[in-house]
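Listing of coords.txt, compact mmCIF, C-alpha atoms
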```txt
# COMPACT_ATOMS: atom_id res chain seq x y z
CA MET A 888 0.00 0.00 0.00
CA ARG A 889 1.52 3.29 -1.07
CA TRP A 890 0.03 6.53 -0.21
CA TRP A 891 0.79 10.00 -1.39
CA TRP A 892 0.97 12.50 1.38
CA ALA A 893 -1.34 15.52 1.61
CA GLY A 894 -1.37 16.98 5.07
CA LEU A 895 -4.56 16.52 7.03
CA SER A 896 -6.37 14.15 4.69
CA GLY A 897 -3.14 12.24 4.20
CA LEU A 898 -2.70 11.65 7.92
CA SER A 899 -6.35 10.66 8.07
CA SER A 900 -5.79 8.14 5.27
CA ALA A 901 -2.67 6.69 6.90
CA ARG A 902 -4.53 6.28 10.16
CA TYR A 903 -7.46 4.58 8.43
CA LEU A 904 -5.29 2.15 6.46
CA ALA A 905 -3.15 1.24 9.48
CA ARG A 906 -6.27 0.62 11.56
CA HIS A 907 -7.52 -1.76 8.88
CA GLY A 908 -4.31 -3.76 8.92
CA TYR A 909 -2.66 -2.56 5.74
CA ALA A 910 1.11 -2.33 5.43
CA VAL A 911 1.42 1.29 4.39
CA THR A 912 4.25 3.27 2.87
CA VAL A 913 3.73 6.99 2.77
CA VAL A 914 5.28 8.70 -0.25
CA ASP A 915 5.71 12.41 -0.83
CA SER A 916 7.81 14.17 -3.45
CA ARG A 917 8.73 16.90 -0.99
CA ALA A 918 11.71 16.41 1.32
CA GLN A 919 9.80 17.84 4.29
CA PRO A 920 6.06 17.52 3.63
CA PRO A 921 3.82 19.44 6.00
CA GLY A 922 2.44 17.31 8.79
CA LEU A 923 5.29 14.81 8.73
CA GLY A 924 5.96 15.40 12.41
CA ALA A 925 2.35 14.63 13.30
CA LEU A 926 2.54 11.45 11.24
CA HIS A 927 5.68 10.26 13.01
CA ALA A 928 4.17 11.12 16.38
CA GLU A 929 0.94 9.23 15.79
CA LEU A 930 2.19 6.35 13.63
CA PRO A 931 5.87 5.93 14.53
CA ASP A 932 6.24 2.57 12.78
CA MET A 933 4.91 3.70 9.42
CA ARG A 934 7.34 3.61 6.51
CA VAL A 935 7.84 7.00 4.90
CA HIS A 936 9.59 7.86 1.64
CA THR A 937 10.18 11.52 0.90
CA GLY A 938 11.93 13.17 -2.00
CA SER A 939 11.85 12.22 -5.65
CA PHE A 940 9.49 9.51 -6.77
CA GLU A 941 11.07 6.25 -7.79
CA ALA A 942 9.18 4.04 -10.17
CA ALA A 943 10.07 1.00 -8.06
CA LEU A 944 7.92 2.38 -5.26
CA PHE A 945 4.87 1.98 -7.45
CA ARG A 946 5.82 -1.14 -9.34
CA ASP A 947 4.22 -3.88 -7.30
CA PRO A 948 0.46 -3.97 -7.85
CA GLY A 949 0.08 -5.99 -4.67
CA LEU A 950 0.74 -2.84 -2.78
CA TRP A 951 -2.33 -1.20 -4.27
CA TRP A 952 -5.91 -2.04 -4.72
CA MET B 253 -4.01 5.44 -2.86
CA VAL B 254 -3.39 9.02 -3.90
CA SER B 255 -4.03 12.34 -2.24
CA ARG B 256 -6.17 15.14 -3.52
CA GLY B 257 -2.98 16.81 -4.70
CA PHE B 258 -2.60 13.94 -7.13
CA ARG B 259 -2.10 14.85 -10.76
CA SER B 260 -3.00 12.19 -13.25
CA GLY B 261 -0.06 13.30 -15.40
CA GLU B 262 2.51 12.41 -12.74
CA PRO B 263 4.68 9.91 -14.66
CA VAL B 264 5.01 7.20 -12.02
CA ILE B 265 1.29 7.31 -11.24
CA ALA B 266 0.32 7.41 -14.92
CA ALA B 267 2.58 4.42 -15.56
CA ALA B 268 0.95 2.48 -12.74
CA CYS B 269 -2.53 3.34 -14.02
CA ALA B 270 -1.48 2.25 -17.52
CA ARG B 271 -0.71 -1.18 -16.07
CA GLY B 272 -4.24 -1.43 -14.74
CA ILE B 273 -3.52 -0.37 -11.18
CA GLU B 274 -6.33 1.71 -9.82
CA ALA B 275 -5.45 4.96 -8.08
CA VAL B 276 -8.08 5.87 -5.49
CA GLY B 277 -8.52 8.76 -3.08
CA ASP B 278 -9.88 8.98 0.44
CA VAL B 279 -13.43 9.61 -0.77
CA GLU B 280 -13.39 6.32 -2.66
CA LEU B 281 -12.34 4.48 0.51
CA PHE B 282 -15.14 6.22 2.34
CA ALA B 283 -17.71 5.28 -0.31
CA ALA B 284 -16.53 1.72 -0.91
CA PRO B 285 -14.29 0.46 1.90
CA PRO B 286 -11.91 -2.29 0.78
CA GLY B 287 -13.12 -5.67 1.92
CA LEU B 288 -16.58 -4.38 2.69
CA ARG B 289 -17.75 -3.06 -0.66
CA SER B 290 -21.04 -2.11 0.88
CA TRP B 291 -21.77 1.35 -0.35
CA ARG B 292 -22.41 4.16 1.99
CA SER B 293 -24.44 7.08 0.83
CA PRO B 294 -22.42 10.19 1.55
CA ALA B 295 -23.77 13.67 1.03
CA ARG B 296 -27.15 12.41 2.07
CA THR B 297 -29.88 14.80 2.99
CA GLN B 298 -33.55 14.28 3.59
CA GLU B 299 -35.62 14.76 0.48
CA HIS B 300 -38.48 16.49 2.29
CA GLY B 301 -36.24 19.52 2.74
CA TYR B 302 -35.54 21.80 5.62
CA GLU B 303 -38.29 23.24 7.72
CA PRO B 304 -38.20 26.88 8.85
CA GLY B 305 -36.71 25.91 12.20
CA TRP B 306 -33.86 23.91 10.69
CA ARG B 307 -31.21 26.24 12.07
CA ASP B 308 -32.12 25.13 15.58
CA VAL B 309 -31.69 21.47 14.67
CA PRO B 310 -28.35 20.90 12.96
CA GLY B 311 -28.75 18.00 10.56
CA GLY B 312 -32.52 18.19 10.82
CA GLY B 313 -32.50 16.08 13.99
CA PHE B 314 -30.38 13.29 12.51
CA ASP B 315 -27.07 12.10 13.88
CA THR B 316 -24.99 13.98 11.33
CA ALA B 317 -21.29 14.03 10.45
CA VAL B 318 -19.96 17.01 8.48
CA GLY B 319 -16.61 17.23 6.72
CA GLY B 320 -14.77 16.56 3.49
CA ASN B 321 -12.45 18.83 1.57
CA ILE B 322 -12.78 21.50 4.23
CA GLY B 323 -12.76 20.57 7.91
CA VAL B 324 -12.66 16.97 9.05
CA PRO B 325 -11.30 14.53 6.40
CA VAL B 326 -13.90 11.98 5.30
CA LEU B 327 -12.11 8.96 6.76
CA ASP B 328 -12.01 10.67 10.16
CA LEU B 329 -15.80 10.94 10.07
CA LEU B 330 -16.17 7.17 10.28
CA ARG B 331 -16.94 6.01 13.78
CA THR B 332 -18.98 3.47 15.65
CA PRO B 333 -21.90 3.73 15.62
CA GLU B 334 -22.02 5.25 12.17
CA ALA B 335 -23.64 8.62 11.66
CA GLU B 336 -27.11 8.55 10.12
CA VAL B 337 -26.30 11.33 7.67
CA TYR B 338 -22.99 12.43 6.17
CA VAL B 339 -22.77 15.91 4.72
CA LEU B 340 -19.60 16.23 2.64
CA GLU B 341 -18.03 19.11 0.78
CA LEU B 342 -15.89 17.54 -1.94
CA SER B 343 -13.39 19.03 -4.36
CA SER B 344 -13.13 18.22 -8.03
CA PHE B 345 -9.72 16.74 -7.18
CA GLN B 346 -11.29 14.31 -4.72
CA LEU B 347 -14.06 13.42 -7.16
CA GLU B 348 -11.52 12.47 -9.84
CA THR B 349 -10.35 9.52 -7.76
CA ALA B 350 -13.76 8.45 -6.44
CA SER B 351 -15.91 6.21 -8.62
CA SER B 352 -18.22 4.52 -6.10
CA LEU B 353 -20.04 7.54 -4.74
CA ASN B 354 -23.79 7.10 -4.58
CA ALA B 355 -25.03 10.11 -2.64
CA ARG B 356 -28.64 10.18 -1.55
CA ALA B 357 -28.56 13.79 -2.68
CA ALA B 358 -25.77 15.84 -4.21
CA VAL B 359 -25.43 19.44 -5.31
CA VAL B 360 -23.11 21.38 -7.59
CA LEU B 361 -23.49 25.02 -6.59
CA ASN B 362 -21.78 26.58 -9.59
CA ILE B 363 -18.99 26.24 -12.12
CA THR B 364 -16.47 29.05 -12.15
CA PRO B 365 -13.06 28.95 -13.81
CA ASP B 366 -11.11 28.04 -10.67
CA HIS B 367 -8.30 25.52 -10.68
CA MET B 368 -7.79 25.99 -14.40
CA ASP B 369 -4.10 25.28 -13.84
CA ARG B 370 -5.22 21.69 -13.40
CA TYR B 371 -7.76 21.35 -16.20
CA ALA B 372 -7.32 21.91 -19.92
CA THR B 373 -10.83 23.24 -20.40
CA LEU B 374 -13.80 24.38 -18.33
CA ALA B 375 -15.63 21.33 -19.70
CA ASP B 376 -13.01 19.05 -18.14
CA TYR B 377 -13.43 20.82 -14.81
CA ALA B 378 -17.23 20.54 -15.04
CA ALA B 379 -16.95 16.84 -15.90
CA ALA B 380 -14.86 16.24 -12.77
CA LYS B 381 -17.42 18.03 -10.63
CA ALA B 382 -20.33 16.16 -12.26
CA ARG B 383 -18.89 12.90 -10.89
CA ILE B 384 -20.60 13.80 -7.62
CA PHE B 385 -23.86 12.78 -9.32
CA ARG B 386 -22.78 9.17 -9.87
CA GLY B 387 -25.33 6.69 -8.63
CA ASP B 388 -29.06 7.19 -8.44
CA GLY B 389 -29.63 9.89 -5.82
CA THR B 390 -31.38 13.22 -6.09
CA MET B 391 -29.62 15.87 -8.14
CA ILE B 392 -29.77 19.41 -6.75
CA LEU B 393 -28.92 21.93 -9.45
CA ASN B 394 -28.37 25.68 -9.67
CA ALA B 395 -31.07 26.85 -12.07
CA ASP B 396 -29.08 30.03 -12.74
CA ASP B 397 -25.92 28.26 -13.90
CA PRO B 398 -26.24 26.80 -17.42
CA VAL B 399 -23.13 24.63 -17.02
CA VAL B 400 -24.59 23.06 -13.89
CA MET B 401 -28.00 22.62 -15.51
CA ALA B 402 -26.31 20.77 -18.37
CA MET B 403 -25.34 18.07 -15.84
CA SER B 404 -29.01 17.09 -15.54
CA LEU B 405 -29.61 13.40 -16.21
CA PRO B 406 -32.84 11.86 -17.50
CA GLY B 407 -34.81 9.74 -15.08
CA ARG B 408 -33.21 11.22 -11.97
CA SER B 409 -35.04 12.97 -9.18
CA THR B 410 -34.03 16.62 -9.56
CA VAL B 411 -34.45 19.68 -7.36
CA ARG B 412 -33.47 23.12 -8.61
CA PHE B 413 -32.65 26.31 -6.73
CA GLY B 414 -32.00 29.84 -7.86
CA ALA B 415 -32.66 33.55 -7.48
CA ASN B 416 -35.96 33.48 -9.35
CA PRO B 417 -39.31 32.22 -8.05
CA PRO B 418 -39.44 28.39 -7.89
CA ALA B 419 -40.38 26.78 -11.19
CA SER B 420 -42.13 23.84 -9.52
CA ASP B 421 -43.41 22.65 -6.14
CA ILE B 422 -40.14 20.94 -5.26
CA ASP B 423 -37.81 23.70 -6.41
CA TYR B 424 -36.31 26.43 -4.24
CA GLY B 425 -36.20 30.10 -5.18
CA LEU B 426 -36.64 33.67 -4.06
CA VAL B 427 -40.01 35.42 -4.00
CA SER B 428 -41.12 38.88 -2.97
CA HIS B 429 -43.57 38.96 -0.07
CA GLY B 430 -44.69 41.99 1.92
CA GLY B 431 -41.82 44.07 0.57
CA GLU B 432 -39.28 41.46 1.65
CA THR B 433 -37.40 38.72 -0.17
CA TRP B 434 -38.23 35.23 1.03
CA LEU B 435 -36.77 31.82 0.38
CA ALA B 436 -39.57 29.63 -0.94
CA ARG B 437 -40.07 26.04 -1.96
CA GLY B 438 -42.78 25.95 -4.56
CA ALA B 439 -45.60 28.13 -3.26
CA ARG B 440 -44.48 27.69 0.35
CA GLN B 441 -42.52 30.54 1.91
CA LEU B 442 -39.82 29.15 4.18
CA LEU B 443 -38.00 32.10 5.71
CA PRO B 444 -37.17 35.74 4.97
CA ALA B 445 -33.79 36.45 3.42
CA SER B 446 -33.12 38.79 6.38
CA ALA B 447 -33.07 35.73 8.68
CA VAL B 448 -30.10 34.28 6.81
CA PRO B 449 -26.76 35.57 8.10
CA LEU B 450 -25.24 36.01 4.65
CA PRO B 451 -24.83 39.12 2.50
CA ALA B 452 -27.93 39.83 0.42
CA GLY B 453 -27.77 38.25 -3.01
CA THR B 454 -25.34 35.52 -1.99
CA ILE B 455 -26.34 32.42 -3.92
CA CYS B 456 -23.43 30.08 -3.61
```
Whole structure, structure tokens version:
Amino acid sequence: MRWWWAGLSGLSSARYLARHGYAVTVVDSRAQPPGLGALHAELPDMRVHTGSFEAALFRDPGLWW
Amino acid sequence: MVSRGFRSGEPVIAAACARGIEAVGDVELFAAPPGLRSWRSPARTQEHGYEPGWRDVPGGGFDTAVGGNIGVPVLDLLRTPEAEVYVLELSSFQLETASSLNARAAVVLNITPDHMDRYATLADYAAAKARIFRGDGTMILNADDPVVMAMSLPGRSTVRFGANPPASDIDYGLVSHGGETWLARGARQLLPASAVPLPAGTIC
């Protein structure tokens, strides 16, 4: 499961997916997306990838639905 | 899953979509939760309309959750027990990545050339907004906006609103009564415009 960060609704989405048992990776093209601190504070174990998009991040369809 | 900042032209996302991977937004998860696939009906309102005292009863007496593009994100509105009525304000961006919406009632207030950095034409923007009418719910349309009226679909329950007197018993409009402007539904006067805490002439 990859998810593209967007502040408030992004944190909401990460929270929802984690609660439903999905292995989530949060992806944002910005090095320091807004709200990143809140994400780390609430969901410290969530994988986060910031910076340039890499095609490999989005290659495996099993990570999507 | 992609955010509302998602641009369909983003190469890595476009490449994934080209391989048949679906990119969905938070509104799609709200409307059709994975694993459940039982559709909720967001943006629901009661078809009988608001009574004059509606301001004293937020949500018309129903257990109501309000959010969306502004305020509380849609997925944060989900709780146990579920709200009886969800009232959502959704952006064209959110609607682009939501295909399972089936609102009991939905409204497009107007189409103005906002966000044209994201759309090639006004028609593209209008088409994104019209996705809120997917499903079989009541369509609520701005009678004064021809682009909105063009979204009308045959066979669908439709309610119109505008600045002119109502065209039918189920439509909303403005009428003159006793030297004052009143909001009316059909022939029924609901409340004077002076009771609404908005600048006169605000129809959006």
Tell me, as number ranges by chain, which residues lie within 10 Å of A:Phe940, counting only C-alpha atoms; anything in the same chain fewer than 3 positions away does not count.
A: 914-917, 936-937, 943-945; B: 262-265
Show me which bits of chain B are within 9 Å of chain A, counting only C-alpha atoms, as a PDB file with C-alpha atoms, in the frame of the given file.
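Contents of out.pdb, freshly written:
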```pdb
ATOM      1  CA  MET B 253      -4.010   5.440  -2.860  1.00  0.00           C
ATOM      2  CA  VAL B 254      -3.390   9.020  -3.900  1.00  0.00           C
ATOM      3  CA  SER B 255      -4.030  12.340  -2.240  1.00  0.00           C
ATOM      4  CA  ARG B 256      -6.170  15.140  -3.520  1.00  0.00           C
ATOM      5  CA  GLY B 257      -2.980  16.810  -4.700  1.00  0.00           C
ATOM      6  CA  PHE B 258      -2.600  13.940  -7.130  1.00  0.00           C
ATOM      7  CA  PRO B 263       4.680   9.910 -14.660  1.00  0.00           C
ATOM      8  CA  VAL B 264       5.010   7.200 -12.020  1.00  0.00           C
ATOM      9  CA  ILE B 265       1.290   7.310 -11.240  1.00  0.00           C
ATOM     10  CA  ALA B 267       2.580   4.420 -15.560  1.00  0.00           C
ATOM     11  CA  ALA B 268       0.950   2.480 -12.740  1.00  0.00           C
ATOM     12  CA  ARG B 271      -0.710  -1.180 -16.070  1.00  0.00           C
ATOM     13  CA  GLY B 272      -4.240  -1.430 -14.740  1.00  0.00           C
ATOM     14  CA  ILE B 273      -3.520  -0.370 -11.180  1.00  0.00           C
ATOM     15  CA  GLU B 274      -6.330   1.710  -9.820  1.00  0.00           C
ATOM     16  CA  ALA B 275      -5.450   4.960  -8.080  1.00  0.00           C
ATOM     17  CA  VAL B 276      -8.080   5.870  -5.490  1.00  0.00           C
ATOM     18  CA  GLY B 277      -8.520   8.760  -3.080  1.00  0.00           C
ATOM     19  CA  ASP B 278      -9.880   8.980   0.440  1.00  0.00           C
ATOM     20  CA  LEU B 281     -12.340   4.480   0.510  1.00  0.00           C
ATOM     21  CA  PRO B 286     -11.910  -2.290   0.780  1.00  0.00           C
ATOM     22  CA  GLY B 320     -14.770  16.560   3.490  1.00  0.00           C
ATOM     23  CA  ASN B 321     -12.450  18.830   1.570  1.00  0.00           C
ATOM     24  CA  VAL B 324     -12.660  16.970   9.050  1.00  0.00           C
ATOM     25  CA  PRO B 325     -11.300  14.530   6.400  1.00  0.00           C
ATOM     26  CA  VAL B 326     -13.900  11.980   5.300  1.00  0.00           C
ATOM     27  CA  LEU B 327     -12.110   8.960   6.760  1.00  0.00           C
ATOM     28  CA  ASP B 328     -12.010  10.670  10.160  1.00  0.00           C
TER      29      ASP B 328
END
```
Separation of atom CA of A:Tyr909 and atom CA of A:Arg934, in Å?
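Calculated distance between atom CA of A:Tyr909 and atom CA of A:Arg934 is 11.8 Å.
One distance worth recording is that between atom CA of B:Ala439 and atom CA of B:Asp423, which is 9.5 Å.
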All residues 6 Å or closer to B:Leu426, all atoms listed in the file, same chain fewer than 4 positions away omitted, as number ranges by chain:
B: 415-417, 434-436
Using only C-alpha atoms, which of B:Arg331, B:Gly438, B:Pro398, B:Arg408 sits nearest B:Ala358?
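When distances to B:Ala358 are compared using only C-alpha atoms, the smallest one comes from B:Arg408.
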Could you complete stretch 416-436 of chain B so that it carries N, CA and C atoms, and give it back as an mmCIF file, in the frame of the given file?
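New file selection-v2.cif:
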```cif
data_model
loop_
_atom_site.group_PDB
_atom_site.id
_atom_site.type_symbol
_atom_site.label_atom_id
_atom_site.label_comp_id
_atom_site.auth_asym_id
_atom_site.auth_seq_id
_atom_site.Cartn_x
_atom_site.Cartn_y
_atom_site.Cartn_z
ATOM 1 N N ASN B 416 -34.624 33.170 -8.857
ATOM 2 C CA ASN B 416 -35.960 33.480 -9.350
ATOM 3 C C ASN B 416 -37.003 32.682 -8.577
ATOM 4 N N PRO B 417 -38.282 33.011 -8.725
ATOM 5 C CA PRO B 417 -39.310 32.220 -8.050
ATOM 6 C C PRO B 417 -39.225 30.748 -8.481
ATOM 7 N N PRO B 418 -39.551 29.819 -7.570
ATOM 8 C CA PRO B 418 -39.440 28.390 -7.890
ATOM 9 C C PRO B 418 -40.266 28.017 -9.117
ATOM 10 N N ALA B 419 -39.687 27.171 -9.969
ATOM 11 C CA ALA B 419 -40.380 26.780 -11.190
ATOM 12 C C ALA B 419 -41.353 25.636 -10.945
ATOM 13 N N SER B 420 -41.194 24.930 -9.812
ATOM 14 C CA SER B 420 -42.130 23.840 -9.520
ATOM 15 C C SER B 420 -42.255 23.700 -8.007
ATOM 16 N N ASP B 421 -43.133 22.805 -7.577
ATOM 17 C CA ASP B 421 -43.410 22.650 -6.140
ATOM 18 C C ASP B 421 -42.213 22.152 -5.350
ATOM 19 N N ILE B 422 -41.281 21.474 -6.006
ATOM 20 C CA ILE B 422 -40.140 20.940 -5.260
ATOM 21 C C ILE B 422 -38.889 21.789 -5.400
ATOM 22 N N ASP B 423 -38.984 22.853 -6.199
ATOM 23 C CA ASP B 423 -37.810 23.700 -6.410
ATOM 24 C C ASP B 423 -37.754 24.832 -5.377
ATOM 25 N N TYR B 424 -36.525 25.313 -5.154
ATOM 26 C CA TYR B 424 -36.310 26.430 -4.240
ATOM 27 C C TYR B 424 -36.007 27.690 -5.030
ATOM 28 N N GLY B 425 -36.491 28.843 -4.514
ATOM 29 C CA GLY B 425 -36.200 30.100 -5.180
ATOM 30 C C GLY B 425 -36.531 31.263 -4.277
ATOM 31 N N LEU B 426 -36.364 32.455 -4.826
ATOM 32 C CA LEU B 426 -36.640 33.670 -4.060
ATOM 33 C C LEU B 426 -37.920 34.311 -4.575
ATOM 34 N N VAL B 427 -38.772 34.727 -3.637
ATOM 35 C CA VAL B 427 -40.010 35.420 -4.000
ATOM 36 C C VAL B 427 -40.094 36.707 -3.180
ATOM 37 N N SER B 428 -40.901 37.637 -3.681
ATOM 38 C CA SER B 428 -41.120 38.880 -2.970
ATOM 39 C C SER B 428 -42.428 38.776 -2.192
ATOM 40 N N HIS B 429 -42.381 39.108 -0.905
ATOM 41 C CA HIS B 429 -43.570 38.960 -0.070
ATOM 42 C C HIS B 429 -43.566 40.069 0.983
ATOM 43 N N GLY B 430 -44.594 40.911 0.942
ATOM 44 C CA GLY B 430 -44.690 41.990 1.920
ATOM 45 C C GLY B 430 -43.492 42.927 1.889
ATOM 46 N N GLY B 431 -42.963 43.159 0.694
ATOM 47 C CA GLY B 431 -41.820 44.070 0.570
ATOM 48 C C GLY B 431 -40.496 43.438 0.955
ATOM 49 N N GLU B 432 -40.517 42.145 1.270
ATOM 50 C CA GLU B 432 -39.280 41.460 1.650
ATOM 51 C C GLU B 432 -39.016 40.290 0.712
ATOM 52 N N THR B 433 -37.756 39.908 0.609
ATOM 53 C CA THR B 433 -37.400 38.720 -0.170
ATOM 54 C C THR B 433 -37.431 37.502 0.740
ATOM 55 N N TRP B 434 -38.115 36.466 0.260
ATOM 56 C CA TRP B 434 -38.230 35.230 1.030
ATOM 57 C C TRP B 434 -37.669 34.053 0.234
ATOM 58 N N LEU B 435 -37.087 33.116 0.983
ATOM 59 C CA LEU B 435 -36.770 31.820 0.380
ATOM 60 C C LEU B 435 -38.043 30.994 0.352
ATOM 61 N N ALA B 436 -38.337 30.413 -0.799
ATOM 62 C CA ALA B 436 -39.570 29.630 -0.940
ATOM 63 C C ALA B 436 -39.265 28.289 -1.579
#
```
